[in-house]
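Colleague: First the structure, then my questions, so here it is.
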Amino acid sequence: MNPPCARCGKIVYPTEKVNCLDKNWHKGCFHCDVCKMTLNMKNYKGYDKKPYCSAHYPKTSFTIVADTPENLRLKQQSELQSQPGGS
C-alpha cells in the first residue's frame, strides 16, 4: 500500500516519492511552507516536521540566558570586578 502525501493527502507512488522529515511527499509537494519554492534533499531545512528554504527557516531567538552555575559565577565575578575599591 502506498502512503499518503504529507502536503496534499493523495497517494504517493514510489516514482514520485520524497521520504523526508519522517513523512512521504510528492516531489512537487515538497516545498517551502512559506514561499512554496520547490525543495529537494540537498536544499531543504526541516523545522517542526515541515520543510523550509534557507531564507524562511524559522530562527530560534533566545530572549533570556539561563542562570546556569557557570553564568552565575561569571556574573558574580564581573560584579566584583566592577565595584570600586574601597579605601
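To be explicit about the labels: the chains of the C-alpha cells are called A, B, and onward in the order shown, and within each one the residues are counted from 1, while ligands get numbers from 1 in the order they are shown.
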Please list as a ChimeraX atom specification every residue within 7 Å of range 40-53 of chain A, counting only C-alpha atoms and excluding residues in the same chain fewer than 5 positions away.
Modeller: /A:21,31-33
Colleague: The selected residues should be written to file as a PDB file, in the first residue's frame (atoms: N, CA and C atoms).
Modeller:
```
ATOM      1  N   LEU A  21      11.725  14.060   6.718  1.00  0.00           N
ATOM      2  CA  LEU A  21      11.090  14.567   7.938  1.00  0.00           C
ATOM      3  C   LEU A  21      10.070  13.561   8.479  1.00  0.00           C
ATOM      4  N   HIS A  31       7.780  21.472  -0.749  1.00  0.00           N
ATOM      5  CA  HIS A  31       8.203  22.854  -0.974  1.00  0.00           C
ATOM      6  C   HIS A  31       8.189  23.620   0.334  1.00  0.00           C
ATOM      7  N   CYS A  32       8.802  24.795   0.306  1.00  0.00           N
ATOM      8  CA  CYS A  32       8.873  25.667   1.485  1.00  0.00           C
ATOM      9  C   CYS A  32       7.466  25.995   1.973  1.00  0.00           C
ATOM     10  N   ASP A  33       7.283  25.923   3.265  1.00  0.00           N
ATOM     11  CA  ASP A  33       5.978  26.195   3.866  1.00  0.00           C
ATOM     12  C   ASP A  33       5.568  27.660   3.706  1.00  0.00           C
TER      13      ASP A  33
END
```
Colleague: Interatomic distance between CA of Cys8 in chain A and CA of Asn24 in chain A?
Modeller: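 About the pair CA of Cys8 in chain A and CA of Asn24 in chain A: they are 10.6 Å apart.
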Colleague: Could you tell me which of A:His26, A:Pro58, A:Cys35, A:Glu79 comes closest to Lys10 in chain A if we count only C-alpha atoms?
Modeller: A:His26
Colleague: What lies within 12 Å of range 12-17 of chain A using only C-alpha atoms, ignoring chain neighbours under 5 positions off, as a list in words?
Modeller: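 That gives Met1, Asn2, Pro3, Pro4, Cys5, Ala6, Arg7, Lys23, Asn24, Trp25, His26, Lys27, Gly28, Cys29, Phe30, Asn40 and Met41 of chain A.
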Colleague: Using only C-alpha atoms for the distances, tell me which of A:Leu80, A:Leu72, A:Val34, A:Val18 is nearest to Ser54 in chain A.
Modeller: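 For Ser54 in chain A, the nearest of the candidates is A:Val34.
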Colleague: Among the residues of chain A, find those DSSP assigns to strand (DSSP E) from the backbone and print them as a PyMOL selection string.
Modeller: chain A and resi 17-20+23-26+45-47+50-52
Colleague: What does the distance from CA of Leu39 in chain A to CA of Gly9 in chain A come to in Å, to one decimal?
Modeller: 18.2 Å
Colleague: DSSP on the backbone: what in chain A comes out helix (DSSP H, G or I), as a ChimeraX atom specification?
Modeller: /A:14-16,69-82
Colleague: Store the residues picked out above in a file with N, CA, C and O atoms, as a compact mmCIF listing (two decimals), in the first residue's frame.
Modeller:
```txt
# COMPACT_ATOMS: atom_id res chain seq x y z
N PRO A 14 5.92 5.23 -5.66
CA PRO A 14 7.38 5.18 -5.48
C PRO A 14 8.18 6.06 -6.44
O PRO A 14 9.20 6.62 -6.05
N THR A 15 7.72 6.23 -7.67
CA THR A 15 8.49 7.02 -8.65
C THR A 15 8.48 8.52 -8.34
O THR A 15 9.32 9.25 -8.83
N GLU A 16 7.52 8.99 -7.56
CA GLU A 16 7.42 10.43 -7.25
C GLU A 16 7.61 10.72 -5.77
O GLU A 16 7.36 11.84 -5.31
N PRO A 69 25.02 27.47 36.59
CA PRO A 69 26.07 27.76 37.58
C PRO A 69 27.23 28.56 36.99
O PRO A 69 27.74 29.48 37.62
N GLU A 70 27.61 28.25 35.75
CA GLU A 70 28.72 28.97 35.12
C GLU A 70 28.35 30.43 34.85
O GLU A 70 29.13 31.34 35.10
N ASN A 71 27.14 30.67 34.36
CA ASN A 71 26.70 32.05 34.11
C ASN A 71 26.59 32.85 35.40
O ASN A 71 26.91 34.03 35.44
N LEU A 72 26.09 32.23 36.46
CA LEU A 72 26.00 32.91 37.75
C LEU A 72 27.39 33.26 38.28
O LEU A 72 27.61 34.34 38.82
N ARG A 73 28.34 32.34 38.10
CA ARG A 73 29.72 32.59 38.56
C ARG A 73 30.32 33.75 37.78
O ARG A 73 30.95 34.65 38.37
N LEU A 74 30.13 33.78 36.48
CA LEU A 74 30.67 34.87 35.66
C LEU A 74 30.04 36.21 36.02
O LEU A 74 30.71 37.24 36.07
N LYS A 75 28.73 36.19 36.27
CA LYS A 75 28.02 37.42 36.67
C LYS A 75 28.57 37.94 37.99
O LYS A 75 28.85 39.14 38.14
N GLN A 76 28.74 37.04 38.95
CA GLN A 76 29.26 37.43 40.26
C GLN A 76 30.69 37.97 40.13
O GLN A 76 31.04 38.98 40.72
N GLN A 77 31.49 37.33 39.29
CA GLN A 77 32.88 37.75 39.10
C GLN A 77 32.93 39.14 38.46
O GLN A 77 33.70 39.99 38.89
N SER A 78 32.08 39.39 37.49
CA SER A 78 32.11 40.71 36.83
C SER A 78 31.58 41.80 37.77
O SER A 78 32.03 42.93 37.73
N GLU A 79 30.63 41.45 38.65
CA GLU A 79 30.15 42.43 39.62
C GLU A 79 31.24 42.78 40.62
O GLU A 79 31.40 43.94 41.00
N LEU A 80 32.01 41.79 41.03
CA LEU A 80 33.11 42.04 41.96
C LEU A 80 34.17 42.93 41.32
O LEU A 80 34.71 43.83 41.95
N GLN A 81 34.45 42.69 40.05
CA GLN A 81 35.48 43.48 39.35
C GLN A 81 35.00 44.90 39.08
O GLN A 81 35.81 45.81 39.00
N SER A 82 33.71 45.11 38.96
CA SER A 82 33.21 46.43 38.61
C SER A 82 32.98 47.31 39.86
O SER A 82 32.70 48.49 39.73
```
